[in-house]
Amino acid sequence: MSETLPIHQALGMTDDEYADVCDILNRPPTEAELAMYSVMWSEHCSYKSSRAFLGRFPTSAPWVVVGPGENAGVVDLGDGWLAALRIESHNHPSFVEPYQGAATGVGGILRDIFTMGARPIALWDQIRFGPLDDPHNRYLLAGVVAGVAGYGNAVGVPTVGGEVAFEECYSGNPLVNVMCLGIMRKEQLVLGTAGTPGTIAVLLGSSTGRDGIGGASVLASASFDAGSDTKRPTVQVGDPFEEKKLIEACLELYDRALVVGVQDLGAAGLSCATSEPAARAGTGMDVDLGRVHVREAGMSAAELLMSESQERMMAFVDPANVEAVLAVATKWEIDASVVGTVTAGDTLRISYNDRVVAEMPAASLSEAAPILRRDSAQPDWLEGLWADTLEYRETPDITSCLLEVLADPSIGDPSWVYEQYDHQLFLNTIVGPGENGSLLRIKGTEKALAVSTDGNGRQCYLDPQRGGANLVWEAALNVAMLGAKPMAVVDNLNFGNPEKPEVMWQFIETVEGMSLACEALGVPVVGGNVSFYNETDEVDIYPTPIVGMLGLADPAPRSVPRLDSAEEGMSIWMFGPQDSRNLAGSAFEKIIKGHVGGRPTSSNPTIGKAVIELAIALAQQELVPVMHDISDGGVAVTLSEVCIASQVGAHVAYSSWAGLFAEAPHGFIAAVPDNHAAAIRAIADDLGVPLNELGTFGGDHISFDDTRGGVTSIPLSEAGVAWSGAIRSRMG
């Protein structure tokens, strides 16, 4: 006979958390109250396992207008312009139902941006799956990409970049992280506040149903097992056309100064959209659930409060403006309901069918959430992993190795993914998918915004502090090569089960590494997301932080370096550290040898900052037509990608084959025209950046000349076929 769990345990709460709720209320909670605390105190919403450590991030700078804690971070771009940026995960919903999980992830991140008053102008997706030889992983990839495309294209916001990678550890737990960027004028900024007593709460957008009950808050706060597909009904269902109308309606409300504050209804739904704005304002609120427009009859108070039905916003409106707000809703053909009133004091009071079903201090749902200091310990296997380095007594076959690396789905052509996205909507895109990063113009100005999103779970598995720092430096270099100065970071921290001490140690070390890099760069973290419990059947993913870096180019270069701009006769120069032969965590060792071991090369802030300054100068002064960072696959892959994009061969010399595949931070290659060589050398010397002239572009082969004798030569066409078919051939 099965044992029935107490309701608080069925909702994911511990006995101690239930006792804390009883202490706050001085009585046992009602069913509706328990529903609210369960979602608001969930891992996804409360950050209870991570909050104690997130304060390590540097978050302030003169240009930060809104930092962590609001719906999105906001930075000042000068001349009255602001940018809003945010990144979120929808990992577990996308595993359960890939299309709707990814689609509603896009919808949610869009709302985070236009909640702040900004018009969303671009999206990036960072997605990770298990190997594509597994049909289920192909199904997940196809569904997630279709979901991102289906929602983003329909709502009219371009997806202009991102990254896709494949590792065995993501087979049971794919990662779907989406970043959004929006722009606005200073006067359009809106915060998630309830305002002063007497302000009216107006619910805008889609009707509320049972879809998505516990969707993000519950799905993302527990581990998965073989029966997790039974959770499919908890995944939200998106409607991009409704969201498009909601965006335009909200932007009109902001333009006409008709709202005091706005909060989107994402994870935790009405529970969040009522309690958090009231807590920020230091007020209470009276809410009548009977006024909520619904799509299903007979919903209980708990269901209404937990529902995560999509495309909904809560606007806080001065009583004098309520009719005008309702008229805007009618104009844009979205539903609107007056559901509550802001009150003096701190009590959130929820009524339904003429009786009070919930009454508690508004701030207790967010500010009183537990802060856990879980045990952490360096894994006992880690030092053994560091010592597990491969010895190469013979030089491998460079030709076959490079072709095999280029043909790997994590390295090869990602266009099968991004060709499904519309990346030219708004006609703001200067540099789109397939480059080092993205560059978007701000129309009517000389400014452009650069964004790079980067992740490397394998390096962070080997050394989370070094891996986390290297990611920040890589993202900063990617925006610098577009002529932009790095100015703000958002992060998505994807980890396994925090109840395991080694996972908490990985998390703490990653935060430390990222913080050290941000401090050295002078770049603040303005927001982020933590996704724990990314494990299935007790198998954790690699610690996988994702870094979204925003840079400002003011003015934007007239001619931006691109991978397809190398020409016959141009020299190939490598900038940055020159002597790395460390293959730890490299694509070469994983793909060629099936090996993950050793310790990645650590970053060097002094050389890192100098390399970034050099890249900005080269782009701004338009001295080089091509720059490409040395990352996955090392110099060999970096050079091959330029050759394939430019349809020109290359001939380079090397003294160590391992140096061709090493992935040390702070390096990039450039195509150097003869007439700019002296100026480039002078800038590099002035900044103290090492450089090495590797060879020359030309011909129809990619050739590597061993300085000790022997030449490896690969037909450019053969390299192109291997690279272009990496994902496409596996996906049919």
# chains A, B, ... in the order shown; residues from 1 in each chain; ligands from 1

call {"tool": "select_by_dssp", "arguments": {"residues": "region 279-435 of chain A", "states": "helix (DSSP H, G or I)", "output": "ChimeraX atom specification"}}
result
/A:279-281,289-291,301-306,319-331,362-365,382-387,398-406,415-418,425-427

call {"tool": "write_last_selection", "arguments": {"atoms": "C-alpha atoms", "output": "compact mmCIF listing (two decimals), in the first residue's frame"}}
result
# COMPACT_ATOMS: atom_id res chain seq x y z
CA ALA A 279 7.82 43.71 -1.11
CA ARG A 280 9.93 46.07 -3.23
CA ALA A 281 7.52 48.93 -2.47
CA LEU A 289 -8.76 35.85 -7.62
CA GLY A 290 -12.38 35.88 -8.75
CA ARG A 291 -11.49 38.76 -11.09
CA ALA A 301 -7.20 29.25 -5.47
CA ALA A 302 -3.98 27.25 -5.24
CA GLU A 303 -4.09 26.46 -8.97
CA LEU A 304 -4.67 30.10 -9.86
CA LEU A 305 -1.77 31.21 -7.66
CA MET A 306 0.66 28.58 -8.95
CA PRO A 319 -6.51 54.98 -10.25
CA ALA A 320 -6.85 57.96 -12.58
CA ASN A 321 -5.20 55.98 -15.40
CA VAL A 322 -7.05 52.67 -15.11
CA GLU A 323 -9.56 53.42 -17.87
CA ALA A 324 -6.77 54.52 -20.20
CA VAL A 325 -4.86 51.29 -19.49
CA LEU A 326 -7.95 49.20 -20.21
CA ALA A 327 -8.45 51.14 -23.45
CA VAL A 328 -4.88 50.34 -24.58
CA ALA A 329 -5.56 46.66 -23.85
CA THR A 330 -8.71 46.80 -25.96
CA LYS A 331 -6.82 48.52 -28.79
CA ALA A 362 4.18 40.12 1.34
CA ALA A 363 7.95 40.19 1.82
CA SER A 364 7.94 36.79 3.55
CA LEU A 365 7.43 35.04 0.22
CA LEU A 382 39.83 15.80 -8.78
CA GLU A 383 43.57 15.65 -8.10
CA GLY A 384 43.67 12.26 -9.76
CA LEU A 385 41.93 13.79 -12.75
CA TRP A 386 44.50 16.59 -12.89
CA ALA A 387 47.28 14.01 -12.88
CA ILE A 398 47.60 16.09 -38.25
CA THR A 399 45.44 15.68 -41.37
CA SER A 400 43.13 12.99 -40.02
CA CYS A 401 42.99 14.57 -36.56
CA LEU A 402 42.01 18.00 -37.88
CA LEU A 403 39.36 16.56 -40.18
CA GLU A 404 37.90 14.51 -37.33
CA VAL A 405 37.80 17.54 -35.02
CA LEU A 406 36.21 19.72 -37.71
CA SER A 415 24.21 26.75 -39.46
CA TRP A 416 21.73 23.84 -39.33
CA VAL A 417 20.61 25.50 -36.08
CA TYR A 418 20.78 29.21 -36.85
CA LEU A 425 14.37 41.28 -38.13
CA PHE A 426 14.47 45.04 -37.41
CA LEU A 427 17.46 45.29 -39.82

call {"tool": "residues_around", "arguments": {"residues": "Ala566 (chain A)", "least_positions_apart": "6", "cutoff": "8 Å", "atoms": "only C-alpha atoms", "output": "NGL selection string"}}
result
:A and (625-626 or 642-643 or 646 or 648 or 671 or 697)

call {"tool": "closest_atom_pairs", "arguments": {"of": "region 294-345 of chain A", "to": "region 187-201 of chain A", "cutoff": "7 Å", "atoms": "only C-alpha atoms", "output": "tab-separated table"}}
result
residue	atom	partner	partner_atom	distance
A:Met314	CA	A:Ala201	CA	6.6
A:Ala315	CA	A:Ala201	CA	5.8
A:Phe316	CA	A:Ala201	CA	4.7
A:Val317	CA	A:Ile200	CA	5.1
A:Asp318	CA	A:Thr199	CA	5.0
A:Pro319	CA	A:Ile200	CA	6.1
A:Val338	CA	A:Ala201	CA	6.0
A:Val339	CA	A:Ala201	CA	5.8
A:Gly340	CA	A:Ala201	CA	4.8
A:Thr341	CA	A:Ile200	CA	4.6
A:Val342	CA	A:Pro197	CA	4.8
A:Thr343	CA	A:Pro197	CA	4.5
A:Ala344	CA	A:Pro197	CA	5.3

call {"tool": "write_last_selection", "arguments": {"atoms": "N, CA, C and O atoms", "output": "tab-separated table (two decimals), in the first residue's frame"}}
result
chain	number	residue	atom	x	y	z
A	314	MET	N	1.53	41.93	-14.95
A	314	MET	CA	0.80	42.67	-13.92
A	314	MET	C	1.26	44.12	-13.97
A	314	MET	O	2.44	44.41	-13.75
A	315	ALA	N	0.34	45.02	-14.27
A	315	ALA	CA	0.65	46.45	-14.30
A	315	ALA	C	0.08	47.11	-13.06
A	315	ALA	O	-1.04	46.81	-12.64
A	316	PHE	N	0.84	48.02	-12.47
A	316	PHE	CA	0.40	48.78	-11.30
A	316	PHE	C	0.13	50.21	-11.76
A	316	PHE	O	1.02	50.88	-12.30
A	317	VAL	N	-1.12	50.64	-11.55
A	317	VAL	CA	-1.64	51.81	-12.25
A	317	VAL	C	-2.28	52.77	-11.25
A	317	VAL	O	-3.03	52.35	-10.35
A	318	ASP	N	-1.99	54.06	-11.42
A	318	ASP	CA	-2.70	55.08	-10.65
A	318	ASP	C	-4.19	54.99	-10.98
A	318	ASP	O	-4.55	54.81	-12.15
A	319	PRO	N	-5.07	55.12	-9.97
A	319	PRO	CA	-6.51	54.98	-10.25
A	319	PRO	C	-7.00	55.87	-11.38
A	319	PRO	O	-7.89	55.48	-12.15
A	338	VAL	N	-8.95	44.13	-13.66
A	338	VAL	CA	-8.54	44.78	-12.42
A	338	VAL	C	-8.65	43.73	-11.30
A	338	VAL	O	-9.75	43.26	-10.99
A	339	VAL	N	-7.52	43.35	-10.73
A	339	VAL	CA	-7.52	42.22	-9.79
A	339	VAL	C	-7.14	42.61	-8.37
A	339	VAL	O	-7.27	41.78	-7.46
A	340	GLY	N	-6.66	43.84	-8.14
A	340	GLY	CA	-6.24	44.13	-6.78
A	340	GLY	C	-5.94	45.59	-6.55
A	340	GLY	O	-5.95	46.41	-7.48
A	341	THR	N	-5.66	45.89	-5.27
A	341	THR	CA	-5.34	47.24	-4.84
A	341	THR	C	-4.17	47.19	-3.87
A	341	THR	O	-4.12	46.33	-2.97
A	342	VAL	N	-3.22	48.09	-4.05
A	342	VAL	CA	-2.08	48.19	-3.14
A	342	VAL	C	-2.56	48.83	-1.84
A	342	VAL	O	-3.34	49.79	-1.85
A	343	THR	N	-2.10	48.29	-0.72
A	343	THR	CA	-2.57	48.73	0.60
A	343	THR	C	-1.40	49.16	1.46
A	343	THR	O	-0.25	48.78	1.23
A	344	ALA	N	-1.71	49.97	2.49
A	344	ALA	CA	-0.71	50.32	3.49
A	344	ALA	C	-0.39	49.10	4.33
A	344	ALA	O	-1.17	48.14	4.41

call {"tool": "residues_around", "arguments": {"residues": "region 458-467 of chain A", "least_positions_apart": "4", "cutoff": "9 Å", "atoms": "only C-alpha atoms", "output": "ChimeraX atom specification"}}
result
/A:167,382,385-386,471-472,505-514,542-545,584-586,596-603

call {"tool": "closest_residue", "arguments": {"among": "A:Glu163, A:Glu641, A:Asp537, A:Glu367", "to": "Ala278 (chain A)", "atoms": "only C-alpha atoms"}}
result
A:Glu367

call {"tool": "closest_residue", "arguments": {"among": "A:Pro409, A:His628, A:Arg86, A:Ser559", "to": "Ala722 (chain A)", "atoms": "only C-alpha atoms"}}
result
A:Pro409

call {"tool": "closest_residue", "arguments": {"among": "A:His666, A:His92, A:Arg708, A:His423", "to": "Thr159 (chain A)", "atoms": "only C-alpha atoms"}}
result
A:His423

call {"tool": "closest_residue", "arguments": {"among": "A:Gly80, A:Gly412, A:Pro370, A:Gly284", "to": "Asp20 (chain A)", "atoms": "only C-alpha atoms"}}
result
A:Pro370

call {"tool": "residues_around", "arguments": {"residues": "Glu499 (chain A)", "least_positions_apart": "3", "cutoff": "9 Å", "atoms": "only C-alpha atoms", "output": "list in words"}}
result
Ser49, Arg374, Asp375, Ser376, Gly496, Glu502, Val503, Met504 and Tyr533 of chain A

call {"tool": "atom_distance", "arguments": {"atom1": "CA of Asp674 (chain A)", "atom2": "CA of Gly659 (chain A)"}}
result
25.7 Å

call {"tool": "atom_distance", "arguments": {"atom1": "CA of Ala267 (chain A)", "atom2": "CA of Cys45 (chain A)"}}
result
7.0 Å

call {"tool": "closest_atom_pairs", "arguments": {"of": "region 55-155 of chain A", "to": "region 238-262 of chain A", "cutoff": "7 Å", "atoms": "only C-alpha atoms", "output": "JSON lines"}}
result
{"residue": "A:Gln100", "atom": "CA", "partner": "A:Gly238", "partner_atom": "CA", "distance": 6.6}
{"residue": "A:Ala103", "atom": "CA", "partner": "A:Gly238", "partner_atom": "CA", "distance": 6.5}
{"residue": "A:Thr104", "atom": "CA", "partner": "A:Gly238", "partner_atom": "CA", "distance": 5.3}
{"residue": "A:Phe114", "atom": "CA", "partner": "A:Ile247", "partner_atom": "CA", "distance": 6.7}
{"residue": "A:Thr115", "atom": "CA", "partner": "A:Val262", "partner_atom": "CA", "distance": 5.9}
{"residue": "A:Gly117", "atom": "CA", "partner": "A:Tyr254", "partner_atom": "CA", "distance": 6.4}
{"residue": "A:Tyr151", "atom": "CA", "partner": "A:Pro240", "partner_atom": "CA", "distance": 5.4}
{"residue": "A:Ala154", "atom": "CA", "partner": "A:Pro240", "partner_atom": "CA", "distance": 5.9}
{"residue": "A:Val155", "atom": "CA", "partner": "A:Pro240", "partner_atom": "CA", "distance": 5.1}

call {"tool": "residues_around", "arguments": {"residues": "Val65 (chain A)", "least_positions_apart": "6", "cutoff": "10 Å", "atoms": "only C-alpha atoms", "output": "MDAnalysis selection string"}}
result
chainID A and resid 73:76 82:84 186 189 526

call {"tool": "atom_distance", "arguments": {"atom1": "CA of Gly732 (chain A)", "atom2": "CA of Pro414 (chain A)"}}
result
14.1 Å
